[in-house]
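Asker: File start_13.tsv below, TSV, N, CA and C atoms:
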chain	number	residue	atom	x	y	z
A	25	MET	N	-32.35	9.47	-1.05
A	25	MET	CA	-32.71	10.52	-0.13
A	25	MET	C	-32.27	11.88	-0.67
A	26	PHE	N	-31.12	11.89	-1.35
A	26	PHE	CA	-30.63	13.16	-1.89
A	26	PHE	C	-31.56	13.69	-2.98
A	27	GLN	N	-32.06	12.79	-3.82
A	27	GLN	CA	-32.95	13.21	-4.90
A	27	GLN	C	-34.34	13.54	-4.37
A	28	ARG	N	-34.79	12.78	-3.41
A	28	ARG	CA	-36.14	12.97	-2.90
A	28	ARG	C	-36.27	14.23	-2.04
A	29	TYR	N	-35.24	14.49	-1.23
A	29	TYR	CA	-35.25	15.66	-0.34
A	29	TYR	C	-33.99	16.48	-0.57
A	30	PRO	N	-33.89	17.17	-1.69
A	30	PRO	CA	-32.65	17.88	-1.99
A	30	PRO	C	-32.33	19.03	-1.03
A	31	ASP	N	-33.33	19.58	-0.36
A	31	ASP	CA	-33.08	20.68	0.57
A	31	ASP	C	-32.70	20.20	1.97
A	32	SER	N	-32.97	18.93	2.27
A	32	SER	CA	-32.71	18.41	3.61
A	32	SER	C	-31.39	17.65	3.73
A	33	TYR	N	-30.99	17.00	2.64
A	33	TYR	CA	-29.79	16.16	2.69
A	33	TYR	C	-28.76	16.66	1.68
A	34	PHE	N	-27.53	16.79	2.13
A	34	PHE	CA	-26.45	17.20	1.23
A	34	PHE	C	-25.14	16.70	1.81
A	35	ILE	N	-24.14	16.66	0.97
A	35	ILE	CA	-22.81	16.24	1.40
A	35	ILE	C	-21.84	17.37	1.08
A	36	ASN	N	-21.11	17.79	2.08
A	36	ASN	CA	-20.06	18.77	1.86
A	36	ASN	C	-18.84	18.04	1.31
A	37	GLY	N	-18.26	18.55	0.26
A	37	GLY	CA	-17.04	17.98	-0.30
A	37	GLY	C	-15.87	18.90	-0.05
A	38	TYR	N	-14.79	18.35	0.44
A	38	TYR	CA	-13.59	19.14	0.74
A	38	TYR	C	-12.40	18.57	-0.02
A	39	PRO	N	-11.52	19.42	-0.51
A	39	PRO	CA	-10.32	18.90	-1.19
A	39	PRO	C	-9.37	18.27	-0.17
A	40	THR	N	-8.66	17.25	-0.60
A	40	THR	CA	-7.69	16.62	0.27
A	40	THR	C	-6.34	17.30	0.11
A	41	HIS	N	-5.55	17.25	1.14
A	41	HIS	CA	-4.22	17.86	1.12
A	41	HIS	C	-3.23	16.90	1.75
A	42	ARG	N	-3.13	15.71	1.17
A	42	ARG	CA	-2.23	14.71	1.73
A	42	ARG	C	-0.96	14.64	0.89
A	43	THR	N	0.14	14.58	1.56
A	43	THR	CA	1.41	14.39	0.88
A	43	THR	C	2.15	13.25	1.55
A	44	ALA	N	3.00	12.61	0.82
A	44	ALA	CA	3.82	11.55	1.38
A	44	ALA	C	5.26	11.82	0.98
A	45	ALA	N	6.08	12.05	1.95
A	45	ALA	CA	7.50	12.29	1.70
A	45	ALA	C	8.30	11.29	2.53
A	46	LEU	N	8.99	10.41	1.84
A	46	LEU	CA	9.81	9.40	2.51
A	46	LEU	C	11.28	9.76	2.33
A	47	PRO	N	12.12	9.36	3.27
A	47	PRO	CA	13.55	9.61	3.13
A	47	PRO	C	14.10	8.88	1.89
A	48	GLU	N	15.14	9.41	1.31
A	48	GLU	CA	15.74	8.81	0.11
A	48	GLU	C	16.22	7.39	0.38
A	49	SER	N	16.68	7.10	1.58
A	49	SER	CA	17.14	5.75	1.91
A	49	SER	C	15.99	4.74	1.82
A	50	VAL	N	14.81	5.13	2.24
A	50	VAL	CA	13.65	4.25	2.16
A	50	VAL	C	13.24	4.04	0.71
A	51	LEU	N	13.27	5.10	-0.09
A	51	LEU	CA	12.91	4.98	-1.50
A	51	LEU	C	13.90	4.09	-2.25
A	52	GLU	N	15.19	4.23	-1.95
A	52	GLU	CA	16.19	3.40	-2.60
A	52	GLU	C	16.03	1.93	-2.19
A	53	ALA	N	15.75	1.68	-0.91
A	53	ALA	CA	15.51	0.30	-0.46
A	53	ALA	C	14.29	-0.30	-1.15
A	54	ALA	N	13.25	0.49	-1.33
A	54	ALA	CA	12.05	0.01	-2.01
A	54	ALA	C	12.34	-0.32	-3.47
A	55	ARG	N	13.12	0.52	-4.15
A	55	ARG	CA	13.48	0.25	-5.55
A	55	ARG	C	14.32	-1.02	-5.67
A	56	TYR	N	15.29	-1.18	-4.77
A	56	TYR	CA	16.14	-2.37	-4.79
A	56	TYR	C	15.31	-3.62	-4.54
A	57	THR	N	14.48	-3.57	-3.52
A	57	THR	CA	13.68	-4.73	-3.14
A	57	THR	C	12.69	-5.11	-4.24
A	58	ALA	N	12.10	-4.12	-4.89
A	58	ALA	CA	11.14	-4.41	-5.97
A	58	ALA	C	11.81	-5.18	-7.10
A	59	ARG	N	13.09	-4.93	-7.33
A	59	ARG	CA	13.80	-5.63	-8.41
A	59	ARG	C	14.36	-6.97	-7.98
A	60	HIS	N	14.75	-7.13	-6.72
A	60	HIS	CA	15.52	-8.30	-6.32
A	60	HIS	C	14.80	-9.29	-5.39
A	61	ALA	N	13.77	-8.88	-4.69
A	61	ALA	CA	13.12	-9.78	-3.73
A	61	ALA	C	12.39	-10.90	-4.44
A	62	LYS	N	12.53	-12.10	-3.88
A	62	LYS	CA	11.80	-13.26	-4.40
A	62	LYS	C	11.58	-14.23	-3.26
A	63	LEU	N	10.58	-15.07	-3.42
A	63	LEU	CA	10.29	-16.07	-2.40
A	63	LEU	C	11.35	-17.16	-2.45
A	64	SER	N	11.64	-17.75	-1.30
A	64	SER	CA	12.54	-18.90	-1.28
A	64	SER	C	11.85	-20.07	-1.98
A	65	ALA	N	12.58	-21.11	-2.25
A	65	ALA	CA	12.06	-22.24	-3.03
A	65	ALA	C	10.82	-22.86	-2.39
A	66	ASP	N	10.80	-22.93	-1.07
A	66	ASP	CA	9.65	-23.54	-0.39
A	66	ASP	C	8.58	-22.52	0.01
A	67	GLY	N	8.81	-21.24	-0.23
A	67	GLY	CA	7.84	-20.21	0.11
A	67	GLY	C	7.87	-19.78	1.56
A	68	ASN	N	8.85	-20.30	2.32
A	68	ASN	CA	8.93	-19.98	3.74
A	68	ASN	C	10.00	-18.94	4.06
A	69	GLY	N	10.29	-18.08	3.11
A	69	GLY	CA	11.27	-17.03	3.32
A	69	GLY	C	11.33	-16.11	2.12
A	70	VAL	N	12.07	-15.02	2.30
A	70	VAL	CA	12.24	-14.03	1.24
A	70	VAL	C	13.74	-13.84	1.03
A	71	GLU	N	14.16	-13.89	-0.23
A	71	GLU	CA	15.55	-13.68	-0.59
A	71	GLU	C	15.69	-12.35	-1.32
A	72	GLY	N	16.82	-11.68	-1.16
A	72	GLY	CA	17.06	-10.42	-1.84
A	72	GLY	C	16.33	-9.24	-1.22
A	73	TYR	N	15.96	-9.36	0.03
A	73	TYR	CA	15.20	-8.34	0.75
A	73	TYR	C	16.17	-7.36	1.39
A	74	LYS	N	15.94	-6.05	1.18
A	74	LYS	CA	16.82	-5.03	1.75
A	74	LYS	C	16.00	-3.97	2.48
A	75	GLY	N	15.09	-4.37	3.30
A	75	GLY	CA	14.27	-3.42	4.03
A	75	GLY	C	13.05	-2.99	3.25
A	76	TYR	N	12.16	-2.30	3.87
A	76	TYR	CA	10.90	-1.87	3.31
A	76	TYR	C	10.03	-3.08	3.00
A	77	SER	N	9.03	-2.93	2.21
A	77	SER	CA	8.11	-4.02	1.88
A	77	SER	C	8.74	-4.91	0.81
A	78	PRO	N	8.83	-6.21	1.02
A	78	PRO	CA	9.52	-7.05	0.05
A	78	PRO	C	8.84	-7.14	-1.31
A	79	PHE	N	7.53	-7.02	-1.36
A	79	PHE	CA	6.80	-7.13	-2.62
A	79	PHE	C	5.83	-5.95	-2.77
A	80	PRO	N	6.28	-4.84	-3.35
A	80	PRO	CA	5.41	-3.67	-3.49
A	80	PRO	C	4.15	-3.95	-4.29
A	81	ALA	N	4.23	-4.87	-5.24
A	81	ALA	CA	3.07	-5.26	-6.04
A	81	ALA	C	2.98	-6.79	-5.98
A	82	PRO	N	2.40	-7.33	-4.90
A	82	PRO	CA	2.38	-8.79	-4.74
A	82	PRO	C	1.62	-9.48	-5.88
A	83	LYS	N	2.19	-10.60	-6.36
A	83	LYS	CA	1.58	-11.35	-7.45
A	83	LYS	C	0.67	-12.46	-6.95
A	84	ASN	N	0.79	-12.81	-5.68
A	84	ASN	CA	-0.05	-13.88	-5.13
A	84	ASN	C	-0.23	-13.66	-3.62
A	85	GLY	N	-0.99	-14.51	-3.02
A	85	GLY	CA	-1.30	-14.37	-1.60
A	85	GLY	C	-0.12	-14.56	-0.69
A	86	VAL	N	0.81	-15.45	-1.07
A	86	VAL	CA	1.99	-15.69	-0.24
A	86	VAL	C	2.84	-14.42	-0.15
A	87	GLU	N	3.01	-13.73	-1.27
A	87	GLU	CA	3.77	-12.48	-1.25
A	87	GLU	C	3.06	-11.42	-0.40
A	88	ALA	N	1.75	-11.37	-0.46
A	88	ALA	CA	1.01	-10.42	0.36
A	88	ALA	C	1.17	-10.73	1.85
A	89	VAL	N	1.19	-12.01	2.19
A	89	VAL	CA	1.38	-12.40	3.59
A	89	VAL	C	2.78	-12.01	4.06
A	90	TRP	N	3.80	-12.22	3.22
A	90	TRP	CA	5.15	-11.82	3.60
A	90	TRP	C	5.26	-10.31	3.76
A	91	ASN	N	4.54	-9.54	2.95
A	91	ASN	CA	4.51	-8.09	3.15
A	91	ASN	C	3.98	-7.76	4.54
A	92	HIS	N	2.95	-8.48	4.96
A	92	HIS	CA	2.37	-8.23	6.28
A	92	HIS	C	3.36	-8.61	7.39
A	93	PHE	N	4.03	-9.76	7.25
A	93	PHE	CA	4.97	-10.21	8.27
A	93	PHE	C	6.17	-9.27	8.41
A	94	MET	N	6.63	-8.70	7.31
A	94	MET	CA	7.88	-7.97	7.33
A	94	MET	C	7.73	-6.45	7.34
A	95	ARG	N	6.55	-5.97	7.68
A	95	ARG	CA	6.38	-4.51	7.72
A	95	ARG	C	7.01	-3.91	8.93
Now, as a test, write the supplied structure out as structure tokens.
Answerer:
Amino acid sequence: MFQRYPDSYFINGYPTHRTAALPESVLEAARYTARHAKLSADGNGVEGYKGYSPFPAPKNGVEAVWNHFMR
């Protein structure tokens, strides 16, 4: 439609202005958890969790589910 009717259809583009500022305590908890969190032997728990999301970069579906449960 844009190519066929260039005078009738257009999209306005606007720059985004989003920032994310978290408290230092949250950032430190995220760094600690990223290094130390692991699934329990049976996958029914998380060990080494100190707040924030236990798996910032989940490697499998179970870790993603635990991120959802513990948010």
Asker: Quick one: pull the distance between atom C of A:His60 and atom CA of A:Thr43, Å, one decimal.
Answerer: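 Going from atom C of A:His60 over to atom CA of A:Thr43 covers 27.9 Å.
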Asker: Counting all atoms listed in the file, what is within 7 Å of A:Pro78, bar same-chain residues fewer than 3 positions away, as a ChimeraX atom specification?
Answerer: /A:57-58,61-62,73-75,81,90-91,94
Asker: I'd like to know which residues of chain A are helix (DSSP H, G or I) (by DSSP, run on the backbone); could you write them as a PyMOL selection string?
Answerer: chain A and resi 48-60+85-93
Asker: May I have all residues of chain A that DSSP, computed from the backbone, assigns to strand (DSSP E), given as a list in words?
Answerer: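 Answer for chain A, restricted to strand (DSSP E): Lys62, Leu63, Val70 and Glu71 of chain A.
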Asker: Identify the residues within 8 Å of coordinate (6.2, -7.6, 0.1) (same frame as the file), considering only N, CA and C atoms, and give the answer as a PDB file with N, CA and C atoms, keeping the file's coordinate frame.
Answerer:
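Now in point_6.pdb:
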ATOM      1  N   TYR A  76      12.160  -2.300   3.870  1.00  0.00           N
ATOM      2  CA  TYR A  76      10.900  -1.870   3.310  1.00  0.00           C
ATOM      3  C   TYR A  76      10.030  -3.080   3.000  1.00  0.00           C
ATOM      4  N   SER A  77       9.030  -2.930   2.210  1.00  0.00           N
ATOM      5  CA  SER A  77       8.110  -4.020   1.880  1.00  0.00           C
ATOM      6  C   SER A  77       8.740  -4.910   0.810  1.00  0.00           C
ATOM      7  N   PRO A  78       8.830  -6.210   1.020  1.00  0.00           N
ATOM      8  CA  PRO A  78       9.520  -7.050   0.050  1.00  0.00           C
ATOM      9  C   PRO A  78       8.840  -7.140  -1.310  1.00  0.00           C
ATOM     10  N   PHE A  79       7.530  -7.020  -1.360  1.00  0.00           N
ATOM     11  CA  PHE A  79       6.800  -7.130  -2.620  1.00  0.00           C
ATOM     12  C   PHE A  79       5.830  -5.950  -2.770  1.00  0.00           C
ATOM     13  N   PRO A  80       6.280  -4.840  -3.350  1.00  0.00           N
ATOM     14  CA  PRO A  80       5.410  -3.670  -3.490  1.00  0.00           C
ATOM     15  C   PRO A  80       4.150  -3.950  -4.290  1.00  0.00           C
ATOM     16  N   ALA A  81       4.230  -4.870  -5.240  1.00  0.00           N
ATOM     17  CA  ALA A  81       3.070  -5.260  -6.040  1.00  0.00           C
ATOM     18  C   ALA A  81       2.980  -6.790  -5.980  1.00  0.00           C
ATOM     19  N   PRO A  82       2.400  -7.330  -4.900  1.00  0.00           N
ATOM     20  CA  PRO A  82       2.380  -8.790  -4.740  1.00  0.00           C
ATOM     21  C   PRO A  82       1.620  -9.480  -5.880  1.00  0.00           C
ATOM     22  N   VAL A  86       0.810 -15.450  -1.070  1.00  0.00           N
ATOM     23  CA  VAL A  86       1.990 -15.690  -0.240  1.00  0.00           C
ATOM     24  C   VAL A  86       2.840 -14.420  -0.150  1.00  0.00           C
ATOM     25  N   GLU A  87       3.010 -13.730  -1.270  1.00  0.00           N
ATOM     26  CA  GLU A  87       3.770 -12.480  -1.250  1.00  0.00           C
ATOM     27  C   GLU A  87       3.060 -11.420  -0.400  1.00  0.00           C
ATOM     28  N   ALA A  88       1.750 -11.370  -0.460  1.00  0.00           N
ATOM     29  CA  ALA A  88       1.010 -10.420   0.360  1.00  0.00           C
ATOM     30  C   ALA A  88       1.170 -10.730   1.850  1.00  0.00           C
ATOM     31  N   VAL A  89       1.190 -12.010   2.190  1.00  0.00           N
ATOM     32  CA  VAL A  89       1.380 -12.400   3.590  1.00  0.00           C
ATOM     33  C   VAL A  89       2.780 -12.010   4.060  1.00  0.00           C
ATOM     34  N   TRP A  90       3.800 -12.220   3.220  1.00  0.00           N
ATOM     35  CA  TRP A  90       5.150 -11.820   3.600  1.00  0.00           C
ATOM     36  C   TRP A  90       5.260 -10.310   3.760  1.00  0.00           C
ATOM     37  N   ASN A  91       4.540  -9.540   2.950  1.00  0.00           N
ATOM     38  CA  ASN A  91       4.510  -8.090   3.150  1.00  0.00           C
ATOM     39  C   ASN A  91       3.980  -7.760   4.540  1.00  0.00           C
ATOM     40  N   HIS A  92       2.950  -8.480   4.960  1.00  0.00           N
ATOM     41  CA  HIS A  92       2.370  -8.230   6.280  1.00  0.00           C
ATOM     42  C   HIS A  92       3.360  -8.610   7.390  1.00  0.00           C
ATOM     43  N   PHE A  93       4.030  -9.760   7.250  1.00  0.00           N
ATOM     44  CA  PHE A  93       4.970 -10.210   8.270  1.00  0.00           C
ATOM     45  C   PHE A  93       6.170  -9.270   8.410  1.00  0.00           C
ATOM     46  N   MET A  94       6.630  -8.700   7.310  1.00  0.00           N
ATOM     47  CA  MET A  94       7.880  -7.970   7.330  1.00  0.00           C
ATOM     48  C   MET A  94       7.730  -6.450   7.340  1.00  0.00           C
ATOM     49  N   ARG A  95       6.550  -5.970   7.680  1.00  0.00           N
ATOM     50  CA  ARG A  95       6.380  -4.510   7.720  1.00  0.00           C
ATOM     51  C   ARG A  95       7.010  -3.910   8.930  1.00  0.00           C
TER      52      ARG A  95
END
Asker: Quick check, in Å to one decimal: how far apart do atom CA of A:Glu71 and atom CA of A:Leu46 lie?
Answerer: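 Value for the atom CA of A:Glu71-atom CA of A:Leu46 distance: 24.0 Å.
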Asker: Mind giving me the straight-line distance from atom CA of A:Tyr56 to atom N of A:Ala44 in Å, one decimal?
Answerer: 20.7 Å
Asker: Mind rebuilding stretch 30-41 of chain A with N, CA, C and O atoms and writing that out as a short mmCIF file (atom, residue, chain, number, x, y, z; two decimals), in the coordinates of the input?
Answerer:
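What follows is the written file selection_28.cif:
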data_model
loop_
_atom_site.label_atom_id
_atom_site.label_comp_id
_atom_site.auth_asym_id
_atom_site.auth_seq_id
_atom_site.Cartn_x
_atom_site.Cartn_y
_atom_site.Cartn_z
N PRO A 30 -33.89 17.17 -1.69
CA PRO A 30 -32.65 17.88 -1.99
C PRO A 30 -32.33 19.03 -1.03
O PRO A 30 -31.18 19.42 -0.88
N ASP A 31 -33.33 19.58 -0.36
CA ASP A 31 -33.08 20.68 0.57
C ASP A 31 -32.70 20.20 1.97
O ASP A 31 -32.18 20.97 2.77
N SER A 32 -32.97 18.93 2.27
CA SER A 32 -32.71 18.41 3.61
C SER A 32 -31.39 17.65 3.73
O SER A 32 -30.79 17.63 4.80
N TYR A 33 -30.99 17.00 2.64
CA TYR A 33 -29.79 16.16 2.69
C TYR A 33 -28.76 16.66 1.68
O TYR A 33 -29.09 16.91 0.53
N PHE A 34 -27.53 16.79 2.13
CA PHE A 34 -26.45 17.20 1.23
C PHE A 34 -25.14 16.70 1.81
O PHE A 34 -25.06 16.33 2.98
N ILE A 35 -24.14 16.66 0.97
CA ILE A 35 -22.81 16.24 1.40
C ILE A 35 -21.84 17.37 1.08
O ILE A 35 -21.78 17.85 -0.05
N ASN A 36 -21.11 17.79 2.08
CA ASN A 36 -20.06 18.77 1.86
C ASN A 36 -18.84 18.04 1.31
O ASN A 36 -18.43 17.01 1.84
N GLY A 37 -18.26 18.55 0.26
CA GLY A 37 -17.04 17.98 -0.30
C GLY A 37 -15.87 18.90 -0.05
O GLY A 37 -15.96 20.11 -0.29
N TYR A 38 -14.79 18.35 0.44
CA TYR A 38 -13.59 19.14 0.74
C TYR A 38 -12.40 18.57 -0.02
O TYR A 38 -12.26 17.35 -0.13
N PRO A 39 -11.52 19.42 -0.51
CA PRO A 39 -10.32 18.90 -1.19
C PRO A 39 -9.37 18.27 -0.17
O PRO A 39 -9.32 18.69 0.99
N THR A 40 -8.66 17.25 -0.60
CA THR A 40 -7.69 16.62 0.27
C THR A 40 -6.34 17.30 0.11
O THR A 40 -6.03 17.85 -0.94
N HIS A 41 -5.55 17.25 1.14
CA HIS A 41 -4.22 17.86 1.12
C HIS A 41 -3.23 16.90 1.75
O HIS A 41 -2.57 17.21 2.72
#
